[in-house]
Amino acid sequence: MQTIQANNYQVFFNEKGYEYLNNILLPQTYSKIFIIVDENTSNYCLPHFLAQVATEIEIEIIELEAGEEFKNIETCLQVWHSLTELGGDRKSIILNLGGGVITDIGGFIACTFKRGIDFINIPTTLLSMVDASIGGKNGVDLGNLKNQIGVIKEPTAVIIDTHFLETLPGEQMRSGFAEMLKHGLIYDISYWNKLKNISTLNTDDLDNLIHQSVVIKNEIVTQDLTENGIRKALNFGHTLGHAIESYFLENENKKSLLHGEAIAIGMILESYISKEKGLLSTEEHHEIKYILSDIYHKVTFDQNDIENCIDLLIYDKKNEFGTVQFALLNKIGHCKINETCENNLIYKAFEDYKS
């Protein structure tokens, strides 16, 4: 797969990524290498990764507990202390080997340690390959509120090795697939049409589709790194999806949802809102609703759940001047940003989802 040029870095695929990595990991360039992993990537991904790396520089492994609930400042404090105790300096480099949590928090740690050191993302989940590792967003959650603390700074490089997907459970693959579906819905109807026939896709198709998804996200981000315009389109499904994800994460009576599962619900809800605002046809809304409902399991919401999710919208980082901002569909393949929505329409969207 062809290397993709971003603003200030490149996205490499498979063997090309390791060729690049081994060419830059030189003693005259970096003093020490820190690899941040979680429990899962330490077991399933780290051995394969280390077998590809050839360097004379000392390598230290920092292992974090796995899960969104550990994507917080407390974890950062522990890692900052570890970096200091292990002799990290301004010429160290951090390699983030993991899913979206690891690339988000690892990038944030690198951006803030010694006022910023180099970092490379090596995503190991489908979600992090097509979304979290691309675009320079780094950060942590504030309690149950997602990505409230962070910075936008691009990595030194991203290396996508699709070999890691062989270790991934099916539900994690579906979680990442939601972001790919979103890319089609907001930007490219032909890409959406390829993805919606999921039952016909094979492994070779997946590699090419991952590449195409990265191309789409990169095309959007390179136009608007700091999210003042077109990059807001990537938030389709995320305004309500993040609220749902946060609510289920904090509620001990609810089973936590994977990011993609929550975003899939958000896309169904926000496509309904798009229809009701006259932006999306009824036929297109039904197509989106039934395709996503066929891939992702139905989640039950009672009135209290819905009210709590709506209450969380005020904390959404996309809000401006106290107003909740939505990215909605202006037909499949096109997005309209900076849209507002009354609460009664959100309630109606949940009712439509339940039906």
# chains A, B, ... in the order shown; residues from 1 in each chain; ligands from 1
$ residues_around --residues "Gln5 (chain A)" --least-positions-apart "3" --cutoff "12 Å" --atoms "only C-alpha atoms" --output "JSON list (two decimals) with all heavy atoms, in the first residue's frame"
[["chain", "number", "residue", "atom", "x", "y", "z"],
["A", 2, "GLN", "N", 0.45, 2.24, -0.73],
["A", 2, "GLN", "CA", 1.25, 3.44, -0.92],
["A", 2, "GLN", "C", 1.29, 4.28, 0.35],
["A", 2, "GLN", "O", 0.28, 4.44, 1.06],
["A", 2, "GLN", "CB", 0.68, 4.27, -2.07],
["A", 2, "GLN", "CG", 1.57, 5.41, -2.51],
["A", 2, "GLN", "CD", 1.06, 6.05, -3.80],
["A", 2, "GLN", "OE1", -0.05, 5.78, -4.23],
["A", 2, "GLN", "NE2", 1.87, 6.90, -4.40],
["A", 8, "ASN", "N", 2.79, 17.08, 8.30],
["A", 8, "ASN", "CA", 4.19, 17.10, 8.71],
["A", 8, "ASN", "C", 4.73, 15.71, 9.02],
["A", 8, "ASN", "O", 5.72, 15.58, 9.74],
["A", 8, "ASN", "CB", 4.35, 18.00, 9.94],
["A", 8, "ASN", "CG", 3.98, 19.45, 9.64],
["A", 8, "ASN", "OD1", 4.58, 20.08, 8.77],
["A", 8, "ASN", "ND2", 2.98, 19.95, 10.34],
["A", 9, "TYR", "N", 4.06, 14.69, 8.54],
["A", 9, "TYR", "CA", 4.51, 13.32, 8.78],
["A", 9, "TYR", "C", 3.95, 12.42, 7.69],
["A", 9, "TYR", "O", 3.17, 12.87, 6.83],
["A", 9, "TYR", "CB", 4.05, 12.83, 10.17],
["A", 9, "TYR", "CG", 2.55, 12.64, 10.31],
["A", 9, "TYR", "CD1", 1.97, 11.38, 10.18],
["A", 9, "TYR", "CD2", 1.71, 13.72, 10.57],
["A", 9, "TYR", "CE1", 0.60, 11.20, 10.30],
["A", 9, "TYR", "CE2", 0.34, 13.55, 10.70],
["A", 9, "TYR", "CZ", -0.21, 12.29, 10.57],
["A", 9, "TYR", "OH", -1.57, 12.12, 10.70],
["A", 10, "GLN", "N", 4.35, 11.15, 7.72],
["A", 10, "GLN", "CA", 3.86, 10.19, 6.74],
["A", 10, "GLN", "C", 3.21, 9.00, 7.46],
["A", 10, "GLN", "O", 3.57, 8.67, 8.59],
["A", 10, "GLN", "CB", 5.01, 9.69, 5.85],
["A", 10, "GLN", "CG", 5.55, 10.76, 4.90],
["A", 10, "GLN", "CD", 6.73, 10.25, 4.10],
["A", 10, "GLN", "OE1", 7.77, 9.92, 4.65],
["A", 10, "GLN", "NE2", 6.57, 10.17, 2.78],
["A", 11, "VAL", "N", 2.27, 8.39, 6.77],
["A", 11, "VAL", "CA", 1.64, 7.16, 7.26],
["A", 11, "VAL", "C", 2.17, 6.02, 6.40],
["A", 11, "VAL", "O", 1.96, 5.98, 5.18],
["A", 11, "VAL", "CB", 0.10, 7.22, 7.14],
["A", 11, "VAL", "CG1", -0.52, 5.94, 7.70],
["A", 11, "VAL", "CG2", -0.45, 8.45, 7.87],
["A", 12, "PHE", "N", 2.90, 5.11, 7.04],
["A", 12, "PHE", "CA", 3.52, 3.98, 6.36],
["A", 12, "PHE", "C", 2.71, 2.71, 6.62],
["A", 12, "PHE", "O", 2.07, 2.57, 7.66],
["A", 12, "PHE", "CB", 4.95, 3.76, 6.86],
["A", 12, "PHE", "CG", 5.88, 4.92, 6.64],
["A", 12, "PHE", "CD1", 6.08, 5.87, 7.63],
["A", 12, "PHE", "CD2", 6.57, 5.06, 5.44],
["A", 12, "PHE", "CE1", 6.94, 6.93, 7.44],
["A", 12, "PHE", "CE2", 7.43, 6.12, 5.23],
["A", 12, "PHE", "CZ", 7.61, 7.07, 6.23],
["A", 13, "PHE", "N", 2.78, 1.78, 5.67],
["A", 13, "PHE", "CA", 2.05, 0.53, 5.80],
["A", 13, "PHE", "C", 3.00, -0.65, 5.75],
["A", 13, "PHE", "O", 3.89, -0.73, 4.90],
["A", 13, "PHE", "CB", 1.00, 0.41, 4.69],
["A", 13, "PHE", "CG", -0.13, 1.39, 4.82],
["A", 13, "PHE", "CD1", -0.01, 2.68, 4.32],
["A", 13, "PHE", "CD2", -1.30, 1.05, 5.48],
["A", 13, "PHE", "CE1", -1.03, 3.60, 4.46],
["A", 13, "PHE", "CE2", -2.34, 1.96, 5.63],
["A", 13, "PHE", "CZ", -2.20, 3.24, 5.12],
["A", 134, "ILE", "N", -4.43, 8.89, 13.58],
["A", 134, "ILE", "CA", -4.27, 9.81, 12.45],
["A", 134, "ILE", "C", -4.80, 11.20, 12.83],
["A", 134, "ILE", "O", -5.88, 11.32, 13.40],
["A", 134, "ILE", "CB", -5.06, 9.30, 11.22],
["A", 134, "ILE", "CG1", -4.72, 7.85, 10.89],
["A", 134, "ILE", "CG2", -4.84, 10.21, 10.01],
["A", 134, "ILE", "CD1", -3.30, 7.63, 10.45],
["A", 135, "GLY", "N", -4.04, 12.24, 12.53],
["A", 135, "GLY", "CA", -4.61, 13.58, 12.64],
["A", 135, "GLY", "C", -4.10, 14.44, 13.76],
["A", 135, "GLY", "O", -4.48, 15.60, 13.87],
["A", 156, "THR", "N", 5.56, 11.99, 14.74],
["A", 156, "THR", "CA", 6.69, 11.94, 13.82],
["A", 156, "THR", "C", 6.36, 11.06, 12.63],
["A", 156, "THR", "O", 6.80, 11.31, 11.50],
["A", 156, "THR", "CB", 7.94, 11.40, 14.55],
["A", 156, "THR", "OG1", 8.20, 12.24, 15.68],
["A", 156, "THR", "CG2", 9.16, 11.37, 13.65],
["A", 157, "ALA", "N", 5.56, 10.02, 12.88],
["A", 157, "ALA", "CA", 5.10, 9.11, 11.81],
["A", 157, "ALA", "C", 4.01, 8.22, 12.39],
["A", 157, "ALA", "O", 3.83, 8.13, 13.62],
["A", 157, "ALA", "CB", 6.25, 8.25, 11.28],
["A", 158, "VAL", "N", 3.27, 7.58, 11.50],
["A", 158, "VAL", "CA", 2.33, 6.52, 11.87],
["A", 158, "VAL", "C", 2.69, 5.28, 11.06],
["A", 158, "VAL", "O", 2.93, 5.38, 9.85],
["A", 158, "VAL", "CB", 0.86, 6.93, 11.60],
["A", 158, "VAL", "CG1", -0.09, 5.76, 11.85],
["A", 158, "VAL", "CG2", 0.47, 8.13, 12.45],
["A", 214, "VAL", "N", -7.92, 5.93, 5.64],
["A", 214, "VAL", "CA", -6.86, 6.83, 6.09],
["A", 214, "VAL", "C", -6.71, 7.99, 5.11],
["A", 214, "VAL", "O", -6.51, 9.14, 5.52],
["A", 214, "VAL", "CB", -5.52, 6.08, 6.26],
["A", 214, "VAL", "CG1", -4.39, 7.05, 6.63],
["A", 214, "VAL", "CG2", -5.65, 5.00, 7.34],
["A", 215, "VAL", "N", -6.82, 7.70, 3.82],
["A", 215, "VAL", "CA", -6.75, 8.76, 2.80],
["A", 215, "VAL", "C", -7.84, 9.80, 3.05],
["A", 215, "VAL", "O", -7.59, 11.02, 3.03],
["A", 215, "VAL", "CB", -6.87, 8.18, 1.38],
["A", 215, "VAL", "CG1", -7.14, 9.28, 0.36],
["A", 215, "VAL", "CG2", -5.60, 7.41, 1.01],
["A", 217, "LYS", "N", -9.60, 10.46, 5.88],
["A", 217, "LYS", "CA", -9.38, 11.26, 7.09],
["A", 217, "LYS", "C", -8.23, 12.24, 6.89],
["A", 217, "LYS", "O", -8.31, 13.40, 7.30],
["A", 217, "LYS", "CB", -9.10, 10.36, 8.30],
["A", 217, "LYS", "CG", -8.87, 11.20, 9.55],
["A", 217, "LYS", "CD", -8.98, 10.49, 10.86],
["A", 217, "LYS", "CE", -8.88, 11.52, 11.99],
["A", 217, "LYS", "NZ", -8.93, 10.90, 13.33],
["A", 218, "ASN", "N", -7.16, 11.78, 6.25],
["A", 218, "ASN", "CA", -6.01, 12.65, 6.03],
["A", 218, "ASN", "C", -6.36, 13.84, 5.13],
["A", 218, "ASN", "O", -5.90, 14.96, 5.37],
["A", 218, "ASN", "CB", -4.86, 11.85, 5.43],
["A", 218, "ASN", "CG", -3.60, 12.67, 5.29],
["A", 218, "ASN", "OD1", -3.07, 13.19, 6.27],
["A", 218, "ASN", "ND2", -3.13, 12.82, 4.05],
["A", 219, "GLU", "N", -7.17, 13.60, 4.09],
["A", 219, "GLU", "CA", -7.57, 14.71, 3.21],
["A", 219, "GLU", "C", -8.33, 15.78, 3.98],
["A", 219, "GLU", "O", -8.17, 16.98, 3.74],
["A", 219, "GLU", "CB", -8.42, 14.18, 2.06],
["A", 219, "GLU", "CG", -7.63, 13.45, 0.98],
["A", 219, "GLU", "CD", -8.49, 12.99, -0.19],
["A", 219, "GLU", "OE1", -9.71, 13.28, -0.17],
["A", 219, "GLU", "OE2", -7.95, 12.36, -1.10],
["A", 221, "VAL", "N", -8.18, 16.29, 7.40],
["A", 221, "VAL", "CA", -7.34, 16.89, 8.44],
["A", 221, "VAL", "C", -6.31, 17.84, 7.86],
["A", 221, "VAL", "O", -6.02, 18.90, 8.45],
["A", 221, "VAL", "CB", -6.65, 15.78, 9.27],
["A", 221, "VAL", "CG1", -5.60, 16.36, 10.19],
["A", 221, "VAL", "CG2", -7.69, 15.01, 10.08],
["A", 222, "THR", "N", -5.72, 17.50, 6.72],
["A", 222, "THR", "CA", -4.69, 18.38, 6.14],
["A", 222, "THR", "C", -5.27, 19.73, 5.73],
["A", 222, "THR", "O", -4.55, 20.72, 5.65],
["A", 222, "THR", "CB", -4.01, 17.73, 4.92],
["A", 222, "THR", "OG1", -5.01, 17.27, 4.00],
["A", 222, "THR", "CG2", -3.14, 16.56, 5.35]]
$ select_by_dssp --residues "region 63-214 of chain A" --states "strand (DSSP E)" --output "ChimeraX atom specification"
/A:63-64,93-98,118-123,137-142,145-152,157-160
$ select_by_dssp --residues "region 103-270 of chain A" --states "alpha helix (DSSP H)" --output "JSON, numbers by chain"
{"A": [103, 104, 105, 106, 107, 108, 109, 110, 111, 112, 126, 127, 170, 171, 172, 173, 174, 175, 176, 177, 178, 179, 180, 181, 182, 183, 184, 185, 186, 187, 189, 190, 191, 192, 193, 194, 195, 203, 204, 205, 206, 207, 208, 209, 210, 211, 212, 213, 214, 215, 216, 217, 218, 219, 220, 221, 222, 223, 238, 239, 240, 241, 242, 243, 244, 245, 246, 247, 248, 249, 250, 259, 260, 261, 262, 263, 264, 265, 266, 267, 268, 269, 270]}
$ residues_around --residues "Ser175 (chain A)" --least-positions-apart "3" --cutoff "12 Å" --atoms "only C-alpha atoms" --output "VMD selection string"
chain A and resid 99 to 100 125 to 131 168 to 172 178 to 182 257 to 265 292 295 to 297
$ residues_around --residues "region 287-290 of chain A" --least-positions-apart "4" --cutoff "7 Å" --atoms "only C-alpha atoms" --output "ChimeraX atom specification"
/A:268,283,294
$ closest_residue --among "A:Ile61, A:Leu21, A:Val324, A:Leu209" --to "Leu46 (chain A)" --atoms "only C-alpha atoms"
A:Ile61
$ closest_residue --among "A:Ile36, A:Ile93, A:Leu249, A:Ile216" --to "Glu63 (chain A)" --atoms "only C-alpha atoms"
A:Ile36
$ closest_residue --among "A:Lys71, A:Lys255, A:Arg90, A:Lys196" --to "Lys32 (chain A)" --atoms "only C-alpha atoms"
A:Arg90
$ residues_around --residues "His334 (chain A)" --least-positions-apart "5" --cutoff "8 Å" --atoms "only C-alpha atoms" --output "PyMOL selection string"
chain A and resi 185-188+329
$ write_last_selection --atoms "N, CA, C and O atoms" --output "PDB file, in the first residue's frame"
ATOM      1  N   LEU A 185     -19.953   7.960   4.836  1.00  0.00           N
ATOM      2  CA  LEU A 185     -21.173   8.757   4.974  1.00  0.00           C
ATOM      3  C   LEU A 185     -20.909  10.252   4.849  1.00  0.00           C
ATOM      4  O   LEU A 185     -21.716  10.981   4.280  1.00  0.00           O
ATOM      5  N   ILE A 186     -19.786  10.713   5.366  1.00  0.00           N
ATOM      6  CA  ILE A 186     -19.551  12.163   5.364  1.00  0.00           C
ATOM      7  C   ILE A 186     -18.794  12.651   4.136  1.00  0.00           C
ATOM      8  O   ILE A 186     -18.794  13.855   3.849  1.00  0.00           O
ATOM      9  N   TYR A 187     -18.165  11.709   3.372  1.00  0.00           N
ATOM     10  CA  TYR A 187     -17.192  12.191   2.383  1.00  0.00           C
ATOM     11  C   TYR A 187     -17.244  11.501   1.030  1.00  0.00           C
ATOM     12  O   TYR A 187     -16.881  12.112   0.031  1.00  0.00           O
ATOM     13  N   ASP A 188     -17.687  10.245   0.975  1.00  0.00           N
ATOM     14  CA  ASP A 188     -17.508   9.490  -0.273  1.00  0.00           C
ATOM     15  C   ASP A 188     -18.565   8.397  -0.369  1.00  0.00           C
ATOM     16  O   ASP A 188     -18.436   7.335   0.241  1.00  0.00           O
ATOM     17  N   LEU A 329     -25.667  15.041   8.189  1.00  0.00           N
ATOM     18  CA  LEU A 329     -25.517  14.630   6.791  1.00  0.00           C
ATOM     19  C   LEU A 329     -26.398  15.473   5.879  1.00  0.00           C
ATOM     20  O   LEU A 329     -27.590  15.650   6.137  1.00  0.00           O
TER      21      LEU A 329
END
$ closest_residue --among "A:Gln223, A:Thr103, A:Lys137, A:Asp89" --to "Gly116 (chain A)" --atoms "only C-alpha atoms"
A:Asp89
$ closest_residue --among "A:Asp204, A:Asp141, A:Glu69, A:Asp305" --to "Phe350 (chain A)" --atoms "only C-alpha atoms"
A:Asp305
$ atom_distance --atom1 "CA of Ile149 (chain A)" --atom2 "CA of Thr340 (chain A)"
24.1 Å
$ residues_around --residues "Val37 (chain A)" --least-positions-apart "5" --cutoff "7 Å" --atoms "only C-alpha atoms" --output "PyMOL selection string"
chain A and resi 42+62-64+96-98+102
$ closest_residue --among "A:Tyr44, A:Phe108, A:Phe49, A:Tyr353" --to "Gly139 (chain A)" --atoms "only C-alpha atoms"
A:Phe108
$ residues_around --residues "Phe113 (chain A)" --least-positions-apart "6" --cutoff "12 Å" --atoms "only C-alpha atoms" --output "PyMOL selection string"
chain A and resi 76-77+79-84+88-94+106-107+119
$ atom_distance --atom1 "CA of Leu26 (chain A)" --atom2 "CA of His163 (chain A)"
25.4 Å
$ atom_distance --atom1 "CA of Ile210 (chain A)" --atom2 "CA of Leu279 (chain A)"
28.4 Å
$ decode --residues "region 240-268 of chain A" --atoms "N, CA, C and O atoms" --output "short mmCIF file (atom, residue, chain, number, x, y, z; two decimals), in the first residue's frame"
data_model
loop_
_atom_site.label_atom_id
_atom_site.label_comp_id
_atom_site.auth_asym_id
_atom_site.auth_seq_id
_atom_site.Cartn_x
_atom_site.Cartn_y
_atom_site.Cartn_z
N LEU A 240 -23.80 12.83 19.91
CA LEU A 240 -24.62 11.93 20.73
C LEU A 240 -23.87 10.65 21.08
O LEU A 240 -24.03 10.11 22.18
N GLY A 241 -23.03 10.18 20.18
CA GLY A 241 -22.28 8.94 20.42
C GLY A 241 -21.36 9.04 21.63
O GLY A 241 -21.30 8.14 22.46
N HIS A 242 -20.65 10.16 21.76
CA HIS A 242 -19.76 10.35 22.92
C HIS A 242 -20.56 10.47 24.21
O HIS A 242 -20.14 9.97 25.26
N ALA A 243 -21.71 11.15 24.15
CA ALA A 243 -22.56 11.27 25.35
C ALA A 243 -23.03 9.89 25.80
O ALA A 243 -23.01 9.56 26.99
N ILE A 244 -23.44 9.06 24.85
CA ILE A 244 -23.88 7.70 25.16
C ILE A 244 -22.72 6.89 25.72
O ILE A 244 -22.86 6.18 26.73
N GLU A 245 -21.55 6.98 25.08
CA GLU A 245 -20.37 6.25 25.54
C GLU A 245 -20.00 6.66 26.97
O GLU A 245 -19.72 5.80 27.83
N SER A 246 -20.02 7.96 27.26
CA SER A 246 -19.68 8.45 28.59
C SER A 246 -20.68 7.99 29.63
O SER A 246 -20.32 7.57 30.73
N TYR A 247 -21.97 8.06 29.28
CA TYR A 247 -23.02 7.65 30.23
C TYR A 247 -22.90 6.17 30.58
O TYR A 247 -22.98 5.79 31.75
N PHE A 248 -22.67 5.34 29.60
CA PHE A 248 -22.55 3.90 29.85
C PHE A 248 -21.25 3.58 30.59
O PHE A 248 -21.19 2.61 31.34
N LEU A 249 -20.23 4.40 30.40
CA LEU A 249 -18.96 4.18 31.08
C LEU A 249 -19.06 4.47 32.57
O LEU A 249 -18.50 3.76 33.40
N GLU A 250 -19.81 5.53 32.93
CA GLU A 250 -19.89 5.94 34.33
C GLU A 250 -20.96 5.20 35.12
O GLU A 250 -20.95 5.20 36.34
N ASN A 251 -21.91 4.58 34.43
CA ASN A 251 -23.05 3.95 35.10
C ASN A 251 -22.75 2.48 35.38
O ASN A 251 -22.67 1.67 34.47
N GLU A 252 -22.60 2.15 36.64
CA GLU A 252 -22.22 0.79 37.01
C GLU A 252 -23.32 -0.23 36.72
O GLU A 252 -23.07 -1.43 36.73
N ASN A 253 -24.52 0.26 36.46
CA ASN A 253 -25.63 -0.65 36.12
C ASN A 253 -25.71 -0.93 34.62
O ASN A 253 -26.57 -1.69 34.18
N LYS A 254 -24.83 -0.30 33.86
CA LYS A 254 -24.82 -0.48 32.41
C LYS A 254 -23.52 -1.16 31.98
O LYS A 254 -22.46 -0.91 32.56
N LYS A 255 -23.61 -1.97 30.96
CA LYS A 255 -22.41 -2.54 30.36
C LYS A 255 -21.78 -1.50 29.45
O LYS A 255 -22.44 -0.94 28.57
N SER A 256 -20.50 -1.21 29.67
CA SER A 256 -19.81 -0.21 28.85
C SER A 256 -19.86 -0.59 27.38
O SER A 256 -19.79 -1.76 27.02
N LEU A 257 -19.97 0.43 26.54
CA LEU A 257 -19.98 0.22 25.09
C LEU A 257 -18.60 0.50 24.52
O LEU A 257 -17.90 1.40 24.99
N LEU A 258 -18.21 -0.25 23.51
CA LEU A 258 -17.02 0.10 22.76
C LEU A 258 -17.28 1.40 22.00
O LEU A 258 -18.43 1.72 21.68
N HIS A 259 -16.21 2.12 21.70
CA HIS A 259 -16.36 3.41 21.03
C HIS A 259 -17.20 3.30 19.76
O HIS A 259 -18.16 4.05 19.57
N GLY A 260 -16.87 2.34 18.92
CA GLY A 260 -17.59 2.20 17.65
C GLY A 260 -19.05 1.82 17.84
O GLY A 260 -19.91 2.23 17.03
N GLU A 261 -19.35 1.06 18.88
CA GLU A 261 -20.75 0.70 19.16
C GLU A 261 -21.55 1.95 19.50
O GLU A 261 -22.69 2.12 19.03
N ALA A 262 -20.97 2.83 20.33
CA ALA A 262 -21.66 4.07 20.69
C ALA A 262 -21.78 5.01 19.49
O ALA A 262 -22.82 5.65 19.29
N ILE A 263 -20.74 5.07 18.68
CA ILE A 263 -20.76 5.96 17.51
C ILE A 263 -21.77 5.47 16.48
O ILE A 263 -22.42 6.28 15.81
N ALA A 264 -21.93 4.16 16.35
CA ALA A 264 -22.93 3.63 15.43
C ALA A 264 -24.33 4.09 15.84
O ALA A 264 -25.14 4.49 14.98
N ILE A 265 -24.62 4.05 17.14
CA ILE A 265 -25.91 4.55 17.62
C ILE A 265 -26.01 6.05 17.33
O ILE A 265 -27.04 6.54 16.86
N GLY A 266 -24.92 6.78 17.61
CA GLY A 266 -24.91 8.21 17.34
C GLY A 266 -25.18 8.53 15.87
O GLY A 266 -25.90 9.49 15.55
N MET A 267 -24.64 7.73 14.97
CA MET A 267 -24.86 7.97 13.54
C MET A 267 -26.31 7.71 13.14
O MET A 267 -26.87 8.42 12.31
N ILE A 268 -26.93 6.69 13.74
CA ILE A 268 -28.35 6.44 13.46
C ILE A 268 -29.19 7.61 13.96
O ILE A 268 -30.07 8.12 13.25
#
